[in-house]
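What's in my_file_31.cif: mmCIF, C-alpha atoms
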```
data_query
#
loop_
_atom_site.label_atom_id
_atom_site.label_comp_id
_atom_site.auth_asym_id
_atom_site.auth_seq_id
_atom_site.Cartn_x
_atom_site.Cartn_y
_atom_site.Cartn_z
CA MET N 1 -27.58 -29.02 9.24
CA GLU N 2 -25.18 -31.79 10.21
CA ASN N 3 -21.93 -30.78 11.85
CA ALA N 4 -22.68 -27.06 11.67
CA LEU N 5 -21.40 -26.45 15.19
CA PHE N 6 -18.21 -28.36 14.48
CA THR N 7 -17.60 -26.31 11.34
CA TYR N 8 -18.37 -23.04 13.10
CA ALA N 9 -16.00 -23.72 16.00
CA LEU N 10 -13.38 -24.87 13.51
CA ARG N 11 -13.65 -21.60 11.54
CA LEU N 12 -13.23 -19.55 14.69
CA GLY N 13 -10.20 -21.59 15.69
CA ASP N 14 -8.66 -21.56 12.22
CA ASP N 15 -8.92 -17.76 11.95
CA SER N 16 -7.09 -17.34 15.25
CA LEU N 17 -4.47 -19.98 14.67
CA VAL N 18 -3.50 -18.90 11.16
CA LEU N 19 -3.16 -15.26 12.17
CA GLY N 20 -1.30 -16.25 15.34
CA GLN N 21 1.19 -18.26 13.26
CA ARG N 22 1.58 -15.41 10.74
CA LEU N 23 2.23 -12.85 13.46
CA SER N 24 4.77 -15.09 15.15
CA GLU N 25 6.85 -14.84 11.95
CA TRP N 26 7.63 -11.28 13.06
CA CYS N 27 9.26 -12.52 16.25
CA GLY N 28 12.85 -11.28 16.17
CA HIS N 29 12.26 -9.26 12.97
CA ALA N 30 9.97 -6.38 13.98
CA PRO N 31 11.09 -2.76 13.49
CA THR N 32 11.61 -2.16 17.24
CA ILE N 33 11.68 -4.35 20.33
CA GLU N 34 8.39 -2.87 21.54
CA VAL N 35 6.67 -3.86 18.33
CA ASP N 36 8.33 -7.25 18.47
CA LEU N 37 6.89 -7.83 21.96
CA SER N 38 3.47 -6.53 20.96
CA LEU N 39 3.10 -8.73 17.89
CA ALA N 40 4.42 -11.80 19.70
CA ASN N 41 1.96 -11.24 22.55
CA VAL N 42 -0.97 -10.74 20.19
CA ALA N 43 0.10 -13.96 18.45
CA LEU N 44 0.14 -15.74 21.81
CA ASP N 45 -3.40 -14.61 22.62
CA LEU N 46 -4.60 -15.81 19.21
CA VAL N 47 -2.98 -19.22 19.58
CA GLY N 48 -4.59 -19.48 23.02
CA GLN N 49 -8.02 -18.75 21.52
CA ALA N 50 -7.36 -21.30 18.79
CA GLN N 51 -6.59 -23.97 21.39
CA LEU N 52 -9.96 -23.39 23.03
CA PHE N 53 -12.01 -23.24 19.83
CA LEU N 54 -10.29 -26.20 18.17
CA GLY N 55 -10.47 -28.21 21.38
CA TYR N 56 -14.21 -27.61 21.46
CA ALA N 57 -14.57 -28.41 17.73
CA GLY N 58 -12.85 -31.73 18.35
CA GLU N 59 -15.21 -32.54 21.23
CA VAL N 60 -18.27 -31.68 19.15
CA GLU N 61 -17.02 -33.81 16.28
CA GLY N 62 -16.53 -36.72 18.64
CA LYS N 63 -13.95 -38.57 16.58
CA GLY N 64 -11.12 -38.26 19.05
CA ARG N 65 -9.38 -35.32 17.38
CA ASP N 66 -8.02 -32.81 19.90
CA ALA N 67 -6.79 -29.26 19.24
CA ASP N 68 -3.28 -30.44 18.31
CA ARG N 69 -4.62 -33.07 15.93
CA LEU N 70 -6.76 -30.47 14.16
CA ALA N 71 -3.94 -27.95 14.05
CA PHE N 72 -1.11 -30.18 12.89
CA HIS N 73 -2.66 -33.06 10.99
CA ARG N 74 -5.05 -31.36 8.62
CA ASP N 75 -4.28 -30.56 4.98
CA VAL N 76 -4.76 -27.15 3.46
CA LEU N 77 -8.10 -27.91 1.76
CA ALA N 78 -9.65 -28.76 5.14
CA TRP N 79 -8.78 -25.35 6.64
CA THR N 80 -11.69 -22.97 7.03
CA ASN N 81 -10.05 -19.67 7.97
CA CYS N 82 -10.86 -16.45 6.16
CA LEU N 83 -8.43 -15.44 3.42
CA MET N 84 -7.25 -12.26 5.12
CA VAL N 85 -5.39 -14.02 7.92
CA GLU N 86 -3.34 -16.26 5.64
CA GLN N 87 -1.89 -13.38 3.61
CA PRO N 88 1.86 -12.97 3.94
CA ASN N 89 2.93 -10.32 6.43
CA GLY N 90 4.33 -7.96 3.80
CA ASP N 91 5.81 -4.84 5.37
CA PHE N 92 4.82 -3.49 8.78
CA GLY N 93 2.09 -1.32 7.21
CA ARG N 94 0.44 -4.33 5.65
CA THR N 95 0.67 -6.33 8.88
CA ILE N 96 -0.92 -3.50 10.84
CA ALA N 97 -3.66 -3.03 8.22
CA ARG N 98 -4.58 -6.71 8.52
CA GLN N 99 -4.50 -6.60 12.30
CA PHE N 100 -6.67 -3.51 12.42
CA LEU N 101 -9.30 -4.91 10.06
CA PHE N 102 -9.29 -8.39 11.60
CA SER N 103 -9.25 -7.38 15.27
CA THR N 104 -11.94 -4.74 14.72
CA TRP N 105 -14.13 -7.43 13.15
CA GLN N 106 -13.23 -10.04 15.77
CA LYS N 107 -14.02 -7.61 18.59
CA ALA N 108 -17.51 -6.98 17.14
CA LEU N 109 -17.98 -10.73 16.65
CA PHE N 110 -16.88 -11.80 20.13
CA ASP N 111 -18.95 -9.07 21.81
CA LYS N 112 -22.00 -10.81 20.36
CA LEU N 113 -20.72 -14.39 20.55
CA ALA N 114 -20.34 -13.93 24.32
CA LEU N 115 -24.17 -13.96 24.36
CA SER N 116 -24.44 -17.20 22.36
CA LYS N 117 -26.85 -19.87 23.53
CA ASP N 118 -23.95 -22.31 23.27
CA ALA N 119 -22.34 -22.00 26.70
CA ARG N 120 -18.86 -23.05 25.59
CA LEU N 121 -18.67 -20.63 22.67
CA ALA N 122 -20.04 -17.90 24.92
CA GLU N 123 -17.45 -18.41 27.64
CA ILE N 124 -14.52 -18.61 25.21
CA ALA N 125 -15.68 -15.41 23.50
CA ALA N 126 -16.21 -13.62 26.83
CA LYS N 127 -12.69 -14.55 27.84
CA ALA N 128 -11.06 -13.70 24.51
CA VAL N 129 -12.86 -10.44 23.83
CA LYS N 130 -10.92 -8.70 26.58
CA GLU N 131 -7.68 -9.55 24.80
CA VAL N 132 -9.06 -8.73 21.36
CA ALA N 133 -10.12 -5.27 22.53
CA TYR N 134 -6.47 -4.65 23.32
CA HIS N 135 -5.36 -5.94 19.90
CA ALA N 136 -7.87 -3.71 18.14
CA ASP N 137 -6.73 -0.64 20.11
CA LEU N 138 -3.09 -1.35 19.51
CA ALA N 139 -3.61 -1.77 15.76
CA ALA N 140 -5.81 1.35 15.54
CA GLU N 141 -3.12 3.42 17.26
CA TRP N 142 -0.57 2.24 14.70
CA VAL N 143 -2.91 2.98 11.79
CA ILE N 144 -3.19 6.53 13.11
CA ARG N 145 0.53 6.87 13.76
CA LEU N 146 1.54 5.57 10.34
CA GLY N 147 -1.29 7.27 8.44
CA ASP N 148 -0.62 10.59 10.12
CA GLY N 149 3.17 10.12 10.04
CA THR N 150 5.61 10.68 7.18
CA GLU N 151 4.83 10.55 3.47
CA GLU N 152 6.50 7.12 3.41
CA SER N 153 4.55 5.65 6.34
CA ARG N 154 1.30 7.07 4.96
CA THR N 155 1.92 5.53 1.54
CA ARG N 156 2.62 2.15 3.09
CA MET N 157 -0.42 2.32 5.34
CA ILE N 158 -2.64 3.06 2.34
CA ASP N 159 -1.03 0.22 0.42
CA GLY N 160 -1.64 -2.16 3.33
CA LEU N 161 -5.30 -1.24 3.65
CA ASP N 162 -5.83 -1.41 -0.12
CA TRP N 163 -4.25 -4.85 -0.22
CA HIS N 164 -6.41 -6.31 2.52
CA TRP N 165 -9.70 -4.63 1.70
CA ARG N 166 -10.54 -7.26 -0.95
CA PHE N 167 -10.76 -9.83 1.85
CA VAL N 168 -13.19 -7.84 4.01
CA ASP N 169 -16.42 -8.97 2.34
CA GLU N 170 -15.72 -12.57 3.27
CA LEU N 171 -15.93 -11.71 6.97
CA PHE N 172 -19.61 -10.83 6.61
CA GLN N 173 -20.70 -13.68 4.37
CA THR N 174 -23.44 -16.07 5.37
CA ASP N 175 -23.84 -19.68 4.29
CA ALA N 176 -25.74 -22.80 5.36
CA VAL N 177 -23.58 -23.14 8.48
CA THR N 178 -24.18 -19.64 9.79
CA ASP N 179 -27.85 -19.68 8.71
CA ALA N 180 -28.51 -22.87 10.67
CA LEU N 181 -26.70 -21.71 13.80
CA VAL N 182 -28.03 -18.14 13.74
CA ALA N 183 -31.55 -19.61 13.74
CA GLU N 184 -30.67 -21.52 16.91
CA GLY N 185 -29.14 -18.48 18.61
CA ILE N 186 -25.70 -20.10 18.60
CA ALA N 187 -23.83 -18.23 15.87
CA VAL N 188 -23.63 -14.48 15.34
CA ASP N 189 -25.28 -13.21 12.16
CA PRO N 190 -22.23 -12.08 10.15
CA THR N 191 -24.16 -9.37 8.30
CA ALA N 192 -25.15 -7.73 11.60
CA LEU N 193 -21.48 -6.96 12.34
CA ARG N 194 -20.93 -4.81 9.29
CA PRO N 195 -22.31 -1.48 10.57
CA VAL N 196 -20.23 -1.67 13.78
CA PHE N 197 -17.13 -2.60 11.78
CA GLU N 198 -17.57 0.12 9.20
CA ALA N 199 -18.25 2.83 11.75
CA ARG N 200 -15.08 1.98 13.68
CA VAL N 201 -12.93 1.75 10.53
CA ALA N 202 -14.26 5.09 9.24
CA ALA N 203 -13.55 6.79 12.57
CA VAL N 204 -9.95 5.55 12.74
CA LEU N 205 -9.22 6.35 9.09
CA ALA N 206 -10.57 9.87 9.60
CA GLU N 207 -8.33 10.36 12.63
CA ALA N 208 -5.38 9.02 10.65
CA GLY N 209 -6.13 11.43 7.80
CA LEU N 210 -6.44 8.48 5.44
CA PRO N 211 -8.76 8.36 2.43
CA GLU N 212 -11.78 6.08 2.30
CA ILE N 213 -10.78 2.66 0.97
CA LYS N 214 -12.02 1.86 -2.51
CA LEU N 215 -13.36 -1.64 -2.80
CA PRO N 216 -11.53 -3.81 -5.30
CA ARG N 217 -13.24 -6.99 -6.48
CA PRO N 218 -13.85 -8.98 -3.30
CA ILE N 219 -12.30 -12.44 -3.03
CA VAL N 220 -13.96 -15.15 -0.95
CA GLY N 221 -13.69 -18.90 -0.49
CA GLY N 222 -11.63 -19.53 2.63
CA ARG N 223 -14.58 -20.92 4.58
CA LYS N 224 -14.96 -23.63 1.92
CA GLY N 225 -11.28 -24.46 1.82
CA HIS N 226 -10.52 -22.46 -1.33
CA HIS N 227 -7.32 -20.80 -0.19
CA SER N 228 -4.58 -18.74 -1.73
CA GLU N 229 -1.30 -20.53 -2.35
CA HIS N 230 0.17 -18.83 0.72
CA LEU N 231 -1.64 -20.99 3.28
CA GLY N 232 -0.05 -24.24 2.13
CA HIS N 233 3.43 -22.79 2.51
CA MET N 234 2.58 -21.48 5.96
CA LEU N 235 1.15 -24.82 7.09
CA ALA N 236 4.21 -26.65 5.80
CA VAL N 237 6.33 -24.64 8.21
CA MET N 238 3.83 -24.89 11.06
CA GLN N 239 3.14 -28.61 10.72
CA HIS N 240 6.41 -30.15 9.66
CA ILE N 241 7.72 -31.18 13.08
CA PRO N 242 4.55 -32.95 14.32
CA ARG N 243 4.17 -34.59 10.91
CA THR N 244 7.76 -35.76 10.80
CA TYR N 245 7.53 -37.22 14.30
CA PRO N 246 3.80 -37.94 14.67
CA GLU N 247 4.16 -39.98 17.85
CA ALA N 248 6.56 -37.60 19.59
CA VAL N 249 5.67 -36.35 23.06
CA TRP N 250 7.37 -33.92 25.40
CA MET C 251 -12.61 -35.21 53.56
CA ASN C 252 -10.12 -32.36 53.27
CA ASP C 253 -10.97 -29.10 54.90
CA ALA C 254 -11.37 -26.16 52.45
CA ARG C 255 -9.24 -23.90 54.60
CA ALA C 256 -6.41 -26.42 54.77
CA ILE C 257 -6.50 -26.77 50.97
CA MET C 258 -6.54 -23.00 50.51
CA ALA C 259 -3.54 -22.68 52.84
CA VAL C 260 -1.58 -25.06 50.62
CA LEU C 261 -2.56 -23.10 47.51
CA ALA C 262 -1.55 -19.82 49.14
CA SER C 263 2.00 -21.20 49.30
CA VAL C 264 2.21 -21.81 45.53
CA PRO C 265 3.96 -18.90 43.83
CA ASP C 266 3.00 -17.65 40.38
CA PRO C 267 5.66 -19.00 38.00
CA GLU C 268 6.18 -15.63 36.26
CA ILE C 269 5.84 -13.36 39.30
CA PRO C 270 7.03 -15.49 42.23
CA ALA C 271 6.47 -12.64 44.70
CA VAL C 272 2.74 -13.36 44.64
CA SER C 273 0.84 -16.60 45.10
CA LEU C 274 -1.83 -18.10 42.87
CA VAL C 275 -4.37 -17.10 45.51
CA ASP C 276 -3.09 -13.49 45.57
CA LEU C 277 -3.55 -13.27 41.80
CA GLY C 278 -7.07 -14.66 41.86
CA ILE C 279 -6.06 -17.66 39.71
CA VAL C 280 -7.44 -19.96 42.40
CA ARG C 281 -11.15 -19.24 42.21
CA ASP C 282 -12.60 -21.49 44.81
CA VAL C 283 -12.25 -24.72 46.74
CA LEU C 284 -15.36 -26.90 46.73
CA THR C 285 -15.72 -29.51 49.43
CA ASP C 286 -19.46 -30.17 49.10
CA ALA C 287 -18.82 -33.48 47.34
CA GLU C 288 -16.07 -36.08 47.03
CA PRO C 289 -13.51 -35.49 45.74
CA ALA C 290 -12.85 -31.93 46.87
CA ARG C 291 -12.17 -29.67 43.87
CA VAL C 292 -9.87 -26.73 43.35
CA LEU C 293 -11.15 -24.34 40.67
CA ILE C 294 -8.48 -22.45 38.76
CA THR C 295 -8.80 -20.03 35.86
CA PRO C 296 -6.26 -18.92 33.25
CA THR C 297 -5.25 -15.25 33.19
CA TYR C 298 -4.83 -14.88 29.41
CA THR C 299 -6.02 -17.55 26.97
CA GLY C 300 -2.53 -18.00 25.55
CA CYS C 301 -0.65 -17.64 28.82
CA PRO C 302 2.15 -20.22 28.55
CA ALA C 303 2.22 -20.53 32.34
CA THR C 304 -1.25 -22.09 32.48
CA ALA C 305 -0.07 -25.68 32.08
CA TYR C 306 2.76 -25.09 34.52
CA ILE C 307 0.38 -23.61 37.09
CA GLN C 308 -1.78 -26.70 36.96
CA LEU C 309 1.30 -28.84 37.52
CA ALA C 310 2.51 -26.67 40.41
CA VAL C 311 -0.89 -26.92 42.12
CA ARG C 312 -0.88 -30.70 41.67
CA GLU C 313 2.60 -31.00 43.15
CA ALA C 314 1.77 -28.79 46.13
CA LEU C 315 -1.41 -30.73 46.88
CA ASP C 316 0.36 -34.06 46.54
CA ALA C 317 3.19 -32.92 48.79
CA ALA C 318 0.61 -31.96 51.43
CA GLY C 319 -0.91 -35.43 51.25
CA MET C 320 -3.95 -34.22 49.31
CA GLN C 321 -3.65 -36.59 46.34
CA ASP C 322 -7.42 -37.03 46.30
CA VAL C 323 -8.16 -33.33 45.64
CA ALA C 324 -9.10 -32.70 42.01
CA ILE C 325 -8.23 -29.65 39.91
CA GLU C 326 -10.75 -28.12 37.53
CA THR C 327 -10.14 -25.34 35.02
CA ARG C 328 -12.92 -22.77 34.59
CA LEU C 329 -13.07 -20.12 31.87
CA SER C 330 -16.20 -18.41 33.06
CA PRO C 331 -16.47 -15.81 34.43
CA PRO C 332 -13.26 -14.63 32.80
CA TRP C 333 -10.35 -13.69 35.01
CA THR C 334 -9.99 -10.02 35.82
CA THR C 335 -7.31 -8.04 37.64
CA ALA C 336 -10.06 -6.94 40.05
CA TRP C 337 -9.57 -10.36 41.66
CA ILE C 338 -6.01 -9.59 42.72
CA THR C 339 -6.16 -9.31 46.49
CA GLU C 340 -5.13 -6.19 48.44
CA ASP C 341 -2.31 -8.25 49.87
CA GLY C 342 -1.32 -9.27 46.34
CA ARG C 343 -1.29 -5.65 45.18
CA GLU C 344 1.06 -4.70 48.00
CA LYS C 345 3.35 -7.62 47.19
CA LEU C 346 3.43 -6.58 43.53
CA ARG C 347 4.41 -3.04 44.49
CA ALA C 348 7.14 -4.28 46.81
CA TYR C 349 8.40 -6.51 44.00
CA GLY C 350 8.70 -3.49 41.67
CA ILE C 351 5.50 -3.89 39.65
CA ASP C 352 2.86 -1.17 39.63
CA PRO C 353 -0.44 -2.94 40.48
CA PRO C 354 -3.25 -2.76 37.91
CA PRO C 355 -5.43 0.35 37.75
CA ALA C 356 -9.14 0.03 38.51
CA SER C 357 -10.39 0.19 34.93
CA THR C 358 -9.09 -0.49 31.42
CA ALA C 359 -9.69 3.16 30.57
CA LEU C 360 -6.92 3.98 33.06
CA ASN C 361 -4.35 1.71 31.39
CA SER C 362 -2.97 4.67 29.47
CA GLN C 363 -3.11 7.07 32.45
CA PRO C 364 0.22 7.62 34.22
CA ALA C 365 1.42 4.70 36.33
CA THR C 366 2.90 5.21 39.78
CA CYS C 367 6.59 4.38 40.01
CA PRO C 368 6.85 1.46 42.46
CA ARG C 369 10.38 2.58 43.35
CA CYS C 370 9.99 6.29 44.20
CA GLY C 371 6.22 6.80 44.09
CA SER C 372 6.37 9.47 41.36
CA LYS C 373 3.45 9.88 38.98
CA GLN C 374 5.71 11.47 36.36
CA THR C 375 5.91 8.33 34.24
CA HIS C 376 5.41 7.31 30.63
CA GLU C 377 4.63 4.12 28.76
CA ILE C 378 7.52 2.61 26.82
CA SER C 379 5.75 -0.44 25.46
CA ARG C 380 2.17 -1.70 25.54
CA PHE C 381 3.41 -5.22 26.12
CA GLY C 382 6.12 -6.11 28.59
CA SER C 383 7.85 -9.28 29.67
CA THR C 384 4.53 -11.16 29.95
CA PRO C 385 1.10 -10.65 28.33
CA CYS C 386 -0.30 -9.19 31.55
CA LYS C 387 2.21 -6.35 31.87
CA ALA C 388 3.16 -3.14 30.07
CA LEU C 389 6.59 -1.51 30.26
CA TRP C 390 6.81 1.98 31.77
CA GLN C 391 9.56 4.35 32.82
CA CYS C 392 9.73 6.82 35.69
CA ASP C 393 10.69 10.38 34.65
CA SER C 394 11.76 11.23 38.21
CA CYS C 395 14.12 8.39 39.11
CA ARG C 396 14.52 7.18 35.50
CA GLU C 397 13.88 3.59 36.52
CA PRO C 398 12.01 1.42 34.00
CA PHE C 399 9.32 -0.75 35.57
CA ASP C 400 6.48 -3.14 34.76
CA ARG C 401 2.88 -2.17 35.17
CA PHE C 402 0.23 -4.81 35.61
CA LYS C 403 -2.45 -3.96 33.04
CA CYS C 404 -6.06 -3.74 34.07
CA HIS C 405 -7.75 -6.68 32.37
#
```
What would the structure in this file look like if it were written as structure tokens?
Amino acid sequence: MENALFTYALRLGDDSLVLGQRLSEWCGHAPTIEVDLSLANVALDLVGQAQLFLGYAGEVEGKGRDADRLAFHRDVLAWTNCLMVEQPNGDFGRTIARQFLFSTWQKALFDKLALSKDARLAEIAAKAVKEVAYHADLAAEWVIRLGDGTEESRTRMIDGLDWHWRFVDELFQTDAVTDALVAEGIAVDPTALRPVFEARVAAVLAEAGLPEIKLPRPIVGGRKGHHSEHLGHMLAVMQHIPRTYPEAVW
Amino acid sequence: MNDARAIMAVLASVPDPEIPAVSLVDLGIVRDVLTDAEPARVLITPTYTGCPATAYIQLAVREALDAAGMQDVAIETRLSPPWTTAWITEDGREKLRAYGIDPPPASTALNSQPATCPRCGSKQTHEISRFGSTPCKALWQCDSCREPFDRFKCH
């Protein structure tokens, strides 16, 4: 399949960048300064991952687009991130729910991607997984604290998980891109991550005293550029300076 | 041809931009100096993928090499193997402690175990925040002398 590696690296980068941008919206607004620092630092790690993945995607594509070009000069329909990461932050419970689900999945993914036959993807994943393990732990601790906290925090935690659960299926979807690269030992088979993900989620929910999440109708499409309206608004904020002054340099 | 030891000596004088008490060599950011071929190459590695100091570190290394008349030495960034706090030298750990930062524990499992207060040496301490002033540190407080301090996280 033509350009499969480009698309795969782009997806990895888009997931990280979109969530990094979303999390950075908390900067200066989080409930406490500790949480503010945590979310900003997680955002920083994600943007760092995005730089590496998008930089590699640009090299593979070979059309002279670097990480900045891909991040700031691409319209919404060309973005390939999963739908979960583009969702608005909502309240703290919803932000934590998203972080817990995403980082738990990303940890499972990067553990395996570090063994990819593609040396660049493998080294980026091996580097990033150490940070992602920290994100996943941090989010899990908050799920437990909120779920096992007050009636109010528990209600909001359940609401957050319910909201994001519809976007979980997409994380494990296969298509021509993953099929082609899995066959070559480059990509991780998305379906193989599901048991690890579900076991970890079930364990944390049990510790938090939270009920099993009921699956609403899953929504997919992000990988093909079919996004919710939220992504365009987010990109408008993220991209407006480089687009207004396209030739500007530091 | 530049001598590897001379190059390393220059690098040992470049302080980390965020923690100036330790050098880039102390922190294990400088991985190696290769002089087997022209030009000689300095291998550096980022600590965290999103560490904002990475670009600055590269610049600081360039400036130090240039100032020492080593304009022909190249700098190469390596991601693999990924940086770990195990590469912080013994000397670097002592400098961190003297600077008021508890050096990283030996394993990630120990990140939540009590830190040692770099000021009074007490082990009666508790974590205030998982993330501190930089991605590589957590914020702790000593229950004995009440002083808040940074702990370098095992990574």
* Considering all atoms listed in the file, return as a PyMOL selection string whatever protein or nucleic-acid residues lie within 12 Å of stretch 374-382 of chain C, sequence-local ones (same chain, fewer than 5 positions apart) excluded. => (chain N and resi 32-42+44+131+134-135+137-139+141-142) or (chain C and resi 351-352+361-369+387-403)
Edge lengths and centre in Å to one decimal, as JSON, is what I'm after for the box along x, y and z that holds all listed atoms of stretch 360-369 of chain C once 6 Å is added on each side.
```
{"center_x": 1.7, "center_y": 4.5, "center_z": 36.4, "size_x": 29.3, "size_y": 18.2, "size_z": 25.9}
```
* To do: Run the PyMOL selection byres ((chain C) within 8 of (chain N)) mentally over the shown coordinates, then write out the matched residues as a list of chain:residue names, using the chain letters and numbers from the document.
  =>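 What the PyMOL selection byres ((chain C) within 8 of (chain N)) grabs from the file is C:Tyr298, C:Thr299, C:Gly300, C:Cys301, C:Leu329, C:Ser330, C:Pro331, C:Pro332, C:Trp333, C:Ile378, C:Ser379, C:Arg380, C:Phe381, C:Gly382, C:Ser383, C:Thr384, C:Pro385, C:His405.
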Around the point (1.2, -6.8, 47.0) in the file's coordinates, collect all residues with an atom within 12 Å, using all atoms listed in the file, and return them as a short mmCIF file (atom, residue, chain, number, x, y, z; two decimals) with C-alpha atoms, keeping the file's coordinate frame.
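Dumped to part24.cif:
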```cif
data_model
loop_
_atom_site.label_atom_id
_atom_site.label_comp_id
_atom_site.auth_asym_id
_atom_site.auth_seq_id
_atom_site.Cartn_x
_atom_site.Cartn_y
_atom_site.Cartn_z
CA ILE C 269 5.84 -13.36 39.30
CA PRO C 270 7.03 -15.49 42.23
CA ALA C 271 6.47 -12.64 44.70
CA VAL C 272 2.74 -13.36 44.64
CA SER C 273 0.84 -16.60 45.10
CA VAL C 275 -4.37 -17.10 45.51
CA ASP C 276 -3.09 -13.49 45.57
CA LEU C 277 -3.55 -13.27 41.80
CA ILE C 338 -6.01 -9.59 42.72
CA THR C 339 -6.16 -9.31 46.49
CA GLU C 340 -5.13 -6.19 48.44
CA ASP C 341 -2.31 -8.25 49.87
CA GLY C 342 -1.32 -9.27 46.34
CA ARG C 343 -1.29 -5.65 45.18
CA GLU C 344 1.06 -4.70 48.00
CA LYS C 345 3.35 -7.62 47.19
CA LEU C 346 3.43 -6.58 43.53
CA ARG C 347 4.41 -3.04 44.49
CA ALA C 348 7.14 -4.28 46.81
CA TYR C 349 8.40 -6.51 44.00
CA GLY C 350 8.70 -3.49 41.67
CA ILE C 351 5.50 -3.89 39.65
CA ASP C 352 2.86 -1.17 39.63
CA PRO C 353 -0.44 -2.94 40.48
CA PRO C 354 -3.25 -2.76 37.91
CA PRO C 368 6.85 1.46 42.46
CA PHE C 402 0.23 -4.81 35.61
#
```
* Near-N:Gly185 list (12 Å; only C-alpha atoms; drop same-chain fewer than 5 positions) as a ChimeraX atom specification -> /N:5,112-119,121-122,178-180
* Evaluate the PyMOL selection byres ((chain C and resi 308) around 10) and report residues as a PyMOL selection string -> chain C and resi 294-296+303-307+309-313+325-327
* Could you tell me which residues the PyMOL selection byres ((chain N and resi 189) around 9) returns for this structure, as number ranges by chain? => N: 109, 172, 174, 178-179, 181-182, 187-188, 190-193
* Asked: Between atom CA of N:Arg156 and atom CA of N:Phe92, what is the spacing in Å?
  ->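 Calculated distance between atom CA of N:Phe92 and atom CA of N:Arg156 is 8.3 Å.
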* To do: For atom CA of N:Thr150 and atom CA of N:Glu207, determine how far apart the two atoms are, in Å to one decimal place.
  =>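 Going from atom CA of N:Thr150 over to atom CA of N:Glu207, I get 15.0 Å.
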* Asked: Hey, can you pull every residue with an atom no more than 12 Å from (-4.4, -33.2, 6.9), using all atoms listed in the file, and send it as an MDAnalysis selection string?
  -> chainID N and resid 65 68:79 232 235:236 239:240 242:243
Taking C-alpha atoms for each residue, export the selection above as a compact mmCIF listing (two decimals), in the coordinates of the input.
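Result went into again-v2.txt, see below:
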```txt
# COMPACT_ATOMS: atom_id res chain seq x y z
CA ARG N 65 -9.38 -35.32 17.38
CA ASP N 68 -3.28 -30.44 18.31
CA ARG N 69 -4.62 -33.07 15.93
CA LEU N 70 -6.76 -30.47 14.16
CA ALA N 71 -3.94 -27.95 14.05
CA PHE N 72 -1.11 -30.18 12.89
CA HIS N 73 -2.66 -33.06 10.99
CA ARG N 74 -5.05 -31.36 8.62
CA ASP N 75 -4.28 -30.56 4.98
CA VAL N 76 -4.76 -27.15 3.46
CA LEU N 77 -8.10 -27.91 1.76
CA ALA N 78 -9.65 -28.76 5.14
CA TRP N 79 -8.78 -25.35 6.64
CA GLY N 232 -0.05 -24.24 2.13
CA LEU N 235 1.15 -24.82 7.09
CA ALA N 236 4.21 -26.65 5.80
CA GLN N 239 3.14 -28.61 10.72
CA HIS N 240 6.41 -30.15 9.66
CA PRO N 242 4.55 -32.95 14.32
CA ARG N 243 4.17 -34.59 10.91
```
* Mind giving me the straight-line distance from atom CA of N:Ala208 to atom CA of N:Arg98 in Å, one decimal? =>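 Between atom CA of N:Ala208 and atom CA of N:Arg98 the gap works out to 15.9 Å.
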* Asked: Pick the closest to C:Asp316 from C:Cys404, C:Ala287, C:Ala254, C:Leu261: which is it, counting all atoms listed in the file?
  ->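 Smallest distance to C:Asp316 is found for C:Leu261.
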* To do: Tell me, as number ranges by chain, which residues lie within 9 Å of stretch 104-106 of chain N, counting all atoms listed in the file; anything in the same chain fewer than 2 positions away does not count.
  => N: 99-102, 108-111, 129, 132-133, 135-137, 139-140, 171, 193-194, 196-197, 200-201
* Which one is closest to N:Arg166: N:Thr7, N:Gly149, N:Pro218, N:Ala203? Count all atoms listed in the file. ->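 With all atoms listed in the file as the atom set, the closest residue is N:Pro218.
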* To do: Please provide as a list in words all residues within 12 Å of N:Thr155, with the sequence filter that same-chain residues fewer than 6 positions apart are discarded (counting all atoms listed in the file).
  => Asp91, Phe92, Gly93, Arg94, Val143, Leu146, Gly147, Asp148, Gly149, Leu161, Asp162, Gly209, Leu210 and Pro211 of chain N
* Please provide as a ChimeraX atom specification all residues within 12 Å of N:Glu2, with the sequence filter that same-chain residues fewer than 6 positions apart are discarded (counting all atoms listed in the file). => /N:8,60-61,176-177,180-181
